[in-house]
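The structure file final_33.cif is reproduced below (mmCIF, C-alpha atoms and all ligand atoms).
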data_entry
loop_
_atom_site.label_atom_id
_atom_site.label_comp_id
_atom_site.auth_asym_id
_atom_site.auth_seq_id
_atom_site.Cartn_x
_atom_site.Cartn_y
_atom_site.Cartn_z
CA MET A 1 -41.25 -15.10 76.44
CA THR A 2 -42.40 -16.10 72.95
CA GLU A 3 -42.71 -13.56 70.15
CA THR A 4 -46.41 -13.70 69.34
CA ARG A 5 -45.97 -12.51 65.76
CA SER A 6 -43.06 -14.76 64.83
CA TYR A 7 -43.37 -17.96 62.84
CA TRP A 8 -40.92 -20.75 62.26
CA VAL A 9 -41.55 -22.97 59.24
CA LEU A 10 -39.63 -26.22 59.63
CA GLY A 11 -38.97 -28.56 56.68
CA GLY A 12 -41.63 -29.47 54.14
CA ASP A 13 -42.05 -29.29 50.38
CA ALA A 14 -42.94 -26.48 47.96
CA ARG A 15 -46.05 -25.74 50.01
CA SER A 16 -43.98 -24.94 53.11
CA ARG A 17 -41.77 -22.65 51.07
CA GLU A 18 -44.84 -20.82 49.75
CA LEU A 19 -46.30 -20.71 53.25
CA ALA A 20 -43.18 -18.96 54.56
CA HIS A 21 -43.51 -16.35 51.77
CA LEU A 22 -47.22 -15.82 52.46
CA LEU A 23 -46.69 -15.38 56.21
CA ALA A 24 -43.91 -12.86 55.53
CA GLU A 25 -46.21 -11.02 53.09
CA ASP A 26 -48.73 -10.76 55.93
CA GLY A 27 -46.12 -8.89 57.94
CA TYR A 28 -44.95 -11.63 60.27
CA LEU A 29 -41.38 -12.33 61.22
CA VAL A 30 -40.67 -15.69 59.55
CA ARG A 31 -37.70 -18.00 60.05
CA THR A 32 -37.25 -21.25 58.15
CA TYR A 33 -35.25 -24.37 58.78
CA CYS A 34 -34.49 -27.28 56.45
CA LEU A 35 -36.30 -25.59 53.57
CA GLY A 36 -33.31 -25.63 51.26
CA ASP A 37 -30.82 -23.19 52.69
CA LEU A 38 -28.11 -25.12 54.52
CA SER A 39 -27.00 -22.04 56.45
CA GLU A 40 -30.25 -22.03 58.44
CA ASP A 41 -30.01 -22.75 62.14
CA LEU A 42 -32.39 -23.07 65.07
CA VAL A 43 -31.17 -20.14 67.13
CA GLY A 44 -34.23 -18.37 68.54
CA LEU A 45 -36.61 -21.29 67.96
CA ASP A 46 -37.47 -21.29 71.67
CA GLN A 47 -38.86 -17.75 71.22
CA ALA A 48 -41.24 -18.65 68.38
CA GLY A 49 -44.88 -17.62 68.60
CA CYS A 50 -45.89 -20.39 66.21
CA VAL A 51 -43.90 -23.32 64.84
CA VAL A 52 -45.23 -24.90 61.66
CA PHE A 53 -44.20 -28.48 61.05
CA PRO A 54 -44.65 -30.01 57.58
CA MET A 55 -46.99 -32.69 56.33
CA PRO A 56 -46.07 -35.35 57.16
CA VAL A 57 -44.17 -34.10 60.18
CA SER A 58 -41.51 -36.77 60.04
CA THR A 59 -40.10 -39.60 57.95
CA LYS A 60 -40.31 -43.22 59.09
CA ASP A 61 -36.75 -42.85 60.47
CA GLY A 62 -37.75 -40.05 62.82
CA LEU A 63 -36.24 -37.28 60.68
CA LEU A 64 -38.00 -34.00 60.00
CA PHE A 65 -39.75 -34.34 56.61
CA ALA A 66 -37.56 -32.04 54.54
CA PRO A 67 -37.38 -33.08 50.88
CA LEU A 68 -36.02 -29.67 49.79
CA CYS A 69 -33.06 -29.84 52.15
CA GLU A 70 -29.82 -31.70 51.45
CA GLY A 71 -29.11 -32.11 55.14
CA GLU A 72 -31.24 -33.99 57.62
CA ALA A 73 -32.45 -33.27 61.14
CA ALA A 74 -33.83 -35.60 63.79
CA LEU A 75 -37.30 -34.50 64.86
CA ALA A 76 -36.55 -35.33 68.51
CA SER A 77 -33.54 -33.01 68.63
CA ILE A 78 -35.67 -30.16 67.24
CA LEU A 79 -38.38 -30.76 69.81
CA ASP A 80 -35.82 -30.51 72.59
CA ARG A 81 -35.33 -26.85 71.60
CA ILE A 82 -39.01 -25.86 71.54
CA SER A 83 -40.83 -23.92 74.23
CA PRO A 84 -44.19 -25.27 75.48
CA HIS A 85 -45.46 -21.67 75.13
CA SER A 86 -45.19 -21.76 71.33
CA PHE A 87 -48.22 -22.78 69.28
CA LEU A 88 -47.21 -25.94 67.39
CA CYS A 89 -48.92 -27.30 64.32
CA GLY A 90 -48.22 -29.89 61.65
CA GLY A 91 -50.00 -32.08 59.13
CA ARG A 92 -50.85 -35.78 58.94
CA VAL A 93 -49.74 -36.31 62.54
CA THR A 94 -49.14 -39.97 63.39
CA GLU A 95 -49.43 -41.50 66.84
CA ALA A 96 -45.66 -41.95 66.96
CA VAL A 97 -45.09 -38.25 66.25
CA GLU A 98 -47.76 -37.24 68.75
CA ALA A 99 -46.03 -39.40 71.38
CA LEU A 100 -42.69 -37.64 70.75
CA PHE A 101 -44.34 -34.27 71.40
CA ARG A 102 -46.31 -35.53 74.43
CA ALA A 103 -43.15 -36.91 76.04
CA ARG A 104 -41.85 -33.32 76.11
CA GLN A 105 -45.14 -31.81 77.34
CA LEU A 106 -45.64 -30.27 73.89
CA ARG A 107 -49.03 -30.11 72.19
CA LEU A 108 -49.13 -30.47 68.42
CA HIS A 109 -52.21 -29.34 66.48
CA ASP A 110 -52.95 -31.14 63.19
CA TYR A 111 -54.07 -28.64 60.54
CA LEU A 112 -54.90 -31.46 58.11
CA ARG A 113 -57.65 -32.68 60.42
CA ARG A 114 -59.47 -29.39 60.01
CA GLU A 115 -62.59 -29.46 57.86
CA GLU A 116 -61.91 -26.07 56.24
CA LEU A 117 -58.53 -27.28 54.98
CA ALA A 118 -59.96 -30.56 53.65
CA ILE A 119 -62.62 -28.60 51.75
CA ALA A 120 -60.10 -26.11 50.40
CA ASN A 121 -57.74 -28.92 49.34
CA ALA A 122 -60.51 -30.58 47.32
CA VAL A 123 -60.28 -27.79 44.73
CA PRO A 124 -56.62 -28.22 43.68
CA THR A 125 -57.11 -31.99 43.95
CA ALA A 126 -59.99 -31.87 41.47
CA GLU A 127 -58.08 -29.53 39.16
CA GLY A 128 -55.08 -31.85 39.34
CA ALA A 129 -57.26 -34.83 38.40
CA LEU A 130 -58.61 -32.86 35.48
CA GLN A 131 -55.08 -31.95 34.40
CA LEU A 132 -53.94 -35.59 34.54
CA ALA A 133 -56.99 -36.72 32.56
CA MET A 134 -56.41 -34.05 29.90
CA GLU A 135 -52.77 -35.04 29.59
CA GLN A 136 -53.42 -38.75 29.33
CA LEU A 137 -56.68 -39.08 27.40
CA PRO A 138 -56.76 -39.10 23.61
CA ILE A 139 -60.24 -37.53 23.75
CA THR A 140 -61.65 -34.25 25.07
CA ILE A 141 -63.18 -34.12 28.51
CA GLN A 142 -66.41 -33.06 26.78
CA ASP A 143 -66.53 -36.46 25.05
CA ALA A 144 -65.53 -38.44 28.12
CA ARG A 145 -67.68 -40.85 30.08
CA VAL A 146 -66.46 -40.39 33.64
CA LEU A 147 -67.09 -42.42 36.78
CA VAL A 148 -66.36 -40.81 40.13
CA LEU A 149 -66.32 -43.17 43.10
CA GLY A 150 -67.34 -41.38 46.30
CA PHE A 151 -69.09 -38.04 46.61
CA GLY A 152 -67.45 -36.39 49.59
CA ARG A 153 -65.34 -33.26 49.38
CA VAL A 154 -62.96 -34.48 46.68
CA GLY A 155 -65.54 -36.58 44.81
CA MET A 156 -68.00 -33.70 44.56
CA ALA A 157 -65.40 -31.11 43.54
CA THR A 158 -64.03 -33.50 40.92
CA ALA A 159 -67.37 -34.65 39.50
CA LEU A 160 -68.63 -31.08 39.17
CA ARG A 161 -65.49 -29.89 37.37
CA PHE A 162 -65.58 -32.70 34.83
CA ALA A 163 -69.30 -32.10 34.33
CA ALA A 164 -68.68 -28.37 33.84
CA LEU A 165 -66.52 -29.27 30.84
CA GLY A 166 -69.31 -31.37 29.36
CA ALA A 167 -68.25 -34.86 30.48
CA LYS A 168 -70.99 -37.43 31.12
CA VAL A 169 -70.38 -37.98 34.81
CA THR A 170 -71.65 -40.87 36.90
CA VAL A 171 -71.18 -40.89 40.66
CA ALA A 172 -70.98 -44.18 42.54
CA ALA A 173 -71.74 -44.03 46.26
CA ARG A 174 -72.99 -46.33 49.00
CA ARG A 175 -75.80 -44.16 50.39
CA CYS A 176 -78.99 -43.43 48.50
CA GLU A 177 -79.10 -39.84 49.79
CA THR A 178 -75.63 -39.26 48.34
CA LEU A 179 -76.84 -40.57 44.98
CA ALA A 180 -79.90 -38.33 45.21
CA LEU A 181 -77.66 -35.33 45.88
CA ALA A 182 -75.49 -36.18 42.85
CA GLN A 183 -78.60 -36.55 40.70
CA SER A 184 -79.94 -33.23 41.96
CA MET A 185 -76.77 -31.68 40.54
CA GLY A 186 -77.38 -33.17 37.10
CA LEU A 187 -75.03 -36.14 37.54
CA ARG A 188 -75.92 -39.82 37.14
CA GLY A 189 -75.97 -42.03 40.21
CA LEU A 190 -74.78 -45.62 40.50
CA PRO A 191 -75.20 -47.61 43.74
CA LEU A 192 -71.77 -48.80 44.84
CA GLU A 193 -72.99 -52.40 45.12
CA GLU A 194 -73.69 -52.35 41.39
CA LEU A 195 -70.08 -51.62 40.50
CA TRP A 196 -69.54 -55.23 39.40
CA MET A 197 -71.69 -54.56 36.34
CA LEU A 198 -69.77 -51.47 35.41
CA PRO A 199 -70.69 -49.95 32.05
CA VAL A 200 -67.93 -48.55 29.80
CA PHE A 201 -66.07 -45.47 31.03
CA ASP A 202 -63.18 -43.46 29.61
CA VAL A 203 -62.05 -42.28 33.05
CA VAL A 204 -62.58 -43.73 36.51
CA LEU A 205 -61.63 -41.54 39.46
CA ASN A 206 -61.64 -43.15 42.88
CA THR A 207 -61.95 -40.97 45.99
CA ILE A 208 -63.09 -43.71 48.39
CA PRO A 209 -60.41 -44.59 50.95
CA ALA A 210 -61.44 -48.26 51.10
CA PRO A 211 -60.95 -51.29 48.81
CA VAL A 212 -63.71 -50.77 46.24
CA LEU A 213 -62.05 -51.71 42.96
CA GLY A 214 -61.11 -55.40 43.14
CA PRO A 215 -60.41 -57.91 40.36
CA VAL A 216 -64.10 -58.17 39.35
CA GLU A 217 -64.66 -54.42 39.01
CA LEU A 218 -61.27 -53.83 37.41
CA GLY A 219 -61.97 -56.63 34.94
CA LYS A 220 -64.89 -54.55 33.62
CA LEU A 221 -62.64 -51.59 32.70
CA GLY A 222 -61.53 -51.52 29.10
CA PRO A 223 -57.84 -51.24 28.10
CA ASP A 224 -58.42 -47.61 27.03
CA CYS A 225 -59.91 -46.57 30.36
CA LEU A 226 -57.78 -44.27 32.52
CA LEU A 227 -58.03 -45.12 36.23
CA LEU A 228 -56.82 -42.55 38.75
CA ASP A 229 -56.86 -43.34 42.46
CA LEU A 230 -57.12 -40.05 44.34
CA ALA A 231 -57.78 -41.64 47.73
CA SER A 232 -54.85 -41.59 50.14
CA ALA A 233 -52.75 -44.74 50.56
CA PRO A 234 -53.60 -47.57 50.54
CA GLY A 235 -56.41 -46.18 48.34
CA GLY A 236 -59.24 -48.15 46.82
CA VAL A 237 -57.60 -50.14 44.02
CA ASP A 238 -56.29 -53.72 44.03
CA TRP A 239 -53.00 -52.80 42.35
CA ALA A 240 -51.85 -56.39 41.82
CA ALA A 241 -55.04 -57.08 39.88
CA ALA A 242 -54.73 -53.80 37.94
CA ARG A 243 -51.17 -54.74 36.92
CA ARG A 244 -52.25 -58.28 35.97
CA LEU A 245 -55.00 -56.84 33.78
CA GLY A 246 -52.58 -54.37 32.17
CA LEU A 247 -54.78 -51.38 33.02
CA ASN A 248 -53.81 -47.76 32.54
CA ALA A 249 -54.03 -47.08 36.25
CA ARG A 250 -52.10 -44.93 38.68
CA SER A 251 -52.45 -43.36 42.07
CA ALA A 252 -52.26 -39.57 42.21
CA PRO A 253 -51.34 -38.50 45.75
CA GLY A 254 -50.50 -35.02 47.03
CA LEU A 255 -52.09 -33.13 44.14
CA PRO A 256 -52.64 -29.78 45.97
CA GLY A 257 -48.92 -29.44 46.66
CA LYS A 258 -48.00 -30.50 43.14
CA VAL A 259 -50.45 -28.54 41.02
CA ALA A 260 -51.06 -25.46 43.17
CA PRO A 261 -48.49 -25.10 45.97
CA ARG A 262 -49.32 -21.43 46.54
CA THR A 263 -53.06 -22.05 46.80
CA ALA A 264 -52.40 -25.07 49.00
CA ALA A 265 -50.10 -22.98 51.20
CA ALA A 266 -52.69 -20.19 51.45
CA ALA A 267 -55.25 -22.72 52.66
CA ILE A 268 -52.80 -23.96 55.32
CA ARG A 269 -52.03 -20.37 56.35
CA ASP A 270 -55.74 -19.55 56.76
CA THR A 271 -56.28 -22.72 58.76
CA ILE A 272 -53.36 -21.92 61.06
CA TYR A 273 -54.77 -18.43 61.62
CA HIS A 274 -58.14 -19.98 62.56
CA MET A 275 -56.47 -22.43 64.94
CA LEU A 276 -54.43 -19.68 66.54
CA SER A 277 -57.40 -17.42 67.09
CA GLU A 278 -59.39 -20.33 68.55
CA SER A 279 -56.53 -21.21 70.90
CA GLU A 280 -56.34 -17.60 72.05
CA ARG A 281 -60.04 -17.82 72.94
CA GLU A 282 -59.53 -21.05 74.91
CA VAL A 283 -60.19 -20.49 78.61
CA PRO A 284 -57.90 -22.59 80.80
CA ILE A 285 -59.85 -25.11 82.92
CA GLY A 286 -60.36 -23.79 86.45
CA ASN A 287 -60.52 -20.11 85.43
P1 LIG B 301 -64.73 -37.46 52.36
O1 LIG B 301 -65.31 -36.11 52.20
O2 LIG B 301 -64.79 -38.13 53.69
O3 LIG B 301 -65.41 -38.42 51.26
C1 LIG B 301 -65.14 -39.79 51.22
C2 LIG B 301 -66.17 -40.47 50.34
O4 LIG B 301 -65.87 -41.87 50.34
C3 LIG B 301 -67.59 -40.32 50.82
O5 LIG B 301 -68.45 -40.32 49.70
C4 LIG B 301 -67.79 -41.60 51.64
O6 LIG B 301 -69.12 -42.05 51.68
C5 LIG B 301 -67.00 -42.58 50.82
N1 LIG B 301 -66.56 -43.72 51.63
C6 LIG B 301 -65.71 -43.70 52.67
N2 LIG B 301 -65.51 -44.95 53.12
C7 LIG B 301 -66.26 -45.77 52.34
C8 LIG B 301 -66.47 -47.17 52.30
N3 LIG B 301 -65.88 -47.99 53.18
N4 LIG B 301 -67.30 -47.66 51.37
C9 LIG B 301 -67.91 -46.84 50.49
N5 LIG B 301 -67.76 -45.50 50.46
C10 LIG B 301 -66.93 -44.97 51.38
O7 LIG B 301 -63.18 -37.47 51.98
P2 LIG B 301 -62.47 -36.50 50.91
O8 LIG B 301 -62.01 -35.26 51.57
O9 LIG B 301 -63.33 -36.42 49.72
O10 LIG B 301 -61.16 -37.34 50.60
C11 LIG B 301 -61.26 -38.56 49.90
C12 LIG B 301 -59.89 -39.21 49.82
O11 LIG B 301 -59.03 -38.39 49.03
C13 LIG B 301 -59.19 -39.35 51.16
O12 LIG B 301 -58.46 -40.57 51.18
C14 LIG B 301 -58.25 -38.17 51.20
O13 LIG B 301 -57.16 -38.38 52.07
C15 LIG B 301 -57.83 -38.14 49.76
N6 LIG B 301 -57.25 -36.90 49.25
C16 LIG B 301 -56.37 -37.04 48.25
C17 LIG B 301 -55.81 -35.93 47.68
C18 LIG B 301 -54.86 -36.11 46.53
O14 LIG B 301 -54.08 -35.20 46.25
N7 LIG B 301 -54.92 -37.24 45.84
C19 LIG B 301 -56.13 -34.65 48.17
C20 LIG B 301 -57.07 -34.52 49.19
C21 LIG B 301 -57.64 -35.68 49.74
P3 LIG B 301 -70.06 -41.74 52.95
O15 LIG B 301 -70.44 -40.31 52.82
O16 LIG B 301 -71.18 -42.70 52.75
O17 LIG B 301 -69.24 -42.01 54.18
#
Using structure tokens, write down the structure from this file.
Ligand code: NAP
Amino acid sequence: MTETRSYWVLGGDARSRELAHLLAEDGYLVRTYCLGDLSEDLVGLDQAGCVVFPMPVSTKDGLLFAPLCEGEAALASILDRISPHSFLCGGRVTEAVEALFRARQLRLHDYLRREELAIANAVPTAEGALQLAMEQLPITIQDARVLVLGFGRVGMATALRFAALGAKVTVAARRCETLALAQSMGLRGLPLEELWMLPVFDVVLNTIPAPVLGPVELGKLGPDCLLLDLASAPGGVDWAAARRLGLNARSAPGLPGKVAPRTAAAAIRDTIYHMLSESEREVPIGN
């Protein structure tokens, strides 16, 4: 029998720690493992109503991702102690991790694949980009000429926040309807295929998860331009070319967890609640 109102939070970074606090504040029984306290153990894990794995679930060596813990734990040995009746979720689930779960008849749900979480995460990501730009630019955002590549969840949230502070924001995108949408919001539009004739910008923010900034485009950026790649690895920047050109460029991964771990954790908590209530509504095939 699993305890329907009990959560286990296994491993993870500051977000997982915040998540454990938030779940406890909501009145749930919460146990943690590999979140810093070495005295934690896995006794009772097989009774868990919901087990929350971190993002990513595991390291390349098959260990539970647990940067806050001095010890280490093999993911496989944890899975051997889990009941198939528990609801299991984790973030950025790879095929290898999925296979480990499948081999034990366990089903892992990926909260990072959920649209509501991606939308919620765009907010701290955009604020983090703004924070980095403020820290690194010698000018105000109001005076900045900003190029945002891509106009999806992160691109839109980022472009609108820079624009709200008075920056002159241009959005580069591949589809004309995307450019029209950006223009309808008071932003300038630049077709992606015209990137090679890039005008001068103080900040370039890439959100496109594809190689869009190669040697030609990077060669158009001035030495004072700040380039931030927000897209997940491998991102959109030719880093060898950026280094060769001596650009002020860096990738900025994992911003939600870095700049707003509590907000990021609250978004994960809400997403898990949605997934749980959907799974409770699932009717088994044949019924
Ligand atoms: P999204 O909503 O899917 O938006 C992606 C944008 O990139 C869209 O405008 C899309 O255009 C464009 N795009 C995708 N592939 C393209 C290609 N091959 N050529 C040209 N344009 C292309 O994604 P998102 O949620 O904004 O996330 C964007 C990236 O940021 C992802 O890599 C995500 O993992 C990452 N991310 C990073 C952080 C961080 O902390 N740095 C936080 C959250 C997310 P179309 O609409 O035409 O497809």
Review point. Suppose you want the space between atom C3 of ligand LIG 301 (chain B) and atom CA of Ala241 of chain A; what is it in Å?
Key: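 Calculated distance between atom C3 of ligand LIG 301 (chain B) and atom CA of Ala241 of chain A is 23.6 Å.
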Review point. So which residues are close to (-37.7, -40.0, 57.6), meaning at most 12 Å away in the file's coordinates with all atoms listed in the file counted, and can you show them as a ChimeraX atom specification?
Key: /A:11-12,55-67,71-76,97
**Study point:** Contacts with ligand LIG 301 (chain B) at most 9 Å, all atoms listed in the file counted, listed as a PyMOL selection string
**Key:** chain A and resi 115+118-119+121-126+128-129+149-157+172-178+192+206-212+229-236+251-258
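Take atom CA of Val52 of chain A and atom CA of Thr158 of chain A: the distance between them is 29.3 Å.
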Review point. In Å to one decimal, how far is atom CA of Glu18 of chain A from atom CA of Arg102 of chain A?
Key: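 Between atom CA of Arg102 of chain A and atom CA of Glu18 of chain A the gap is 28.8 Å.
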**Study point:** Of the listed residues A:Cys50, A:Leu106, A:Leu42, A:Leu100, that which approaches Ser277 of chain A most closely, counting only C-alpha atoms
**Key:** A:Cys50
Point to revise | Given all atoms listed in the file as the counted atoms, nearest of A:Leu276, A:Leu213, A:Leu88, A:Cys69 to Asp46 of chain A | key: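 Closest candidate: A:Leu88.
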Review point. Of the candidates A:Leu45, A:Leu117, A:Leu221, A:Ile272, which one gets nearest to His85 of chain A if we count only C-alpha atoms?
Key: A:Leu45
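Minimum atom-to-atom distance to Glu278 of chain A, evaluated using only C-alpha atoms, belongs to A:Phe87 out of A:Phe201, A:Phe87, A:Phe101, A:Trp196.
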Exercise for review: Would you list the residues near (-33.8, -18.3, 64.9), meaning any protein, DNA or RNA residue with an atom at most 10 Å from that point in file coordinates, counting all atoms listed in the file, as a list of chain:residue names?
Suggested key: A:Ser6, A:Tyr7, A:Trp8, A:Val30, A:Arg31, A:Thr32, A:Tyr33, A:Glu40, A:Asp41, A:Leu42, A:Val43, A:Gly44, A:Leu45, A:Asp46, A:Gln47, A:Ala48
For C-alpha atoms, I'd like the residues from the last selection saved as a tab-separated table (two decimals), in the coordinates of the input.
chain	number	residue	atom	x	y	z
A	6	SER	CA	-43.06	-14.76	64.83
A	7	TYR	CA	-43.37	-17.96	62.84
A	8	TRP	CA	-40.92	-20.75	62.26
A	30	VAL	CA	-40.67	-15.69	59.55
A	31	ARG	CA	-37.70	-18.00	60.05
A	32	THR	CA	-37.25	-21.25	58.15
A	33	TYR	CA	-35.25	-24.37	58.78
A	40	GLU	CA	-30.25	-22.03	58.44
A	41	ASP	CA	-30.01	-22.75	62.14
A	42	LEU	CA	-32.39	-23.07	65.07
A	43	VAL	CA	-31.17	-20.14	67.13
A	44	GLY	CA	-34.23	-18.37	68.54
A	45	LEU	CA	-36.61	-21.29	67.96
A	46	ASP	CA	-37.47	-21.29	71.67
A	47	GLN	CA	-38.86	-17.75	71.22
A	48	ALA	CA	-41.24	-18.65	68.38
Exercise for review: List the neighbours of Arg15 of chain A out to 10 Å using all atoms listed in the file; skip same-chain residues closer than 2 positions along the sequence, and give me the result as a list of chain:residue names.
Suggested key: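 Listed by chain and then number, they are A:Gly12, A:Asp13, A:Arg17, A:Glu18, A:Leu19, A:Ala20, A:His21, A:Pro54, A:Met55, A:Pro256, A:Gly257, A:Lys258, A:Ala260, A:Pro261, A:Arg262, A:Thr263, A:Ala264, A:Ala265, A:Ala266, A:Ile268.
In this comparison, which uses all atoms listed in the file, the residue of A:Cys89, A:Leu112, A:Cys225, A:Val171 approaching Pro138 of chain A most closely is A:Cys225.
Nearest-residue note for Leu190 of chain A: choosing from A:Val148, A:Val216, A:Ala267, A:Ala167, the minimum distance belongs to A:Val148, counting all atoms listed in the file.
Once Thr271 of chain A and its same-chain neighbours fewer than 6 positions away are set aside, Tyr111, Arg114, Glu116 and Leu117 of chain A remain within 8 Å of it when counting all atoms listed in the file.
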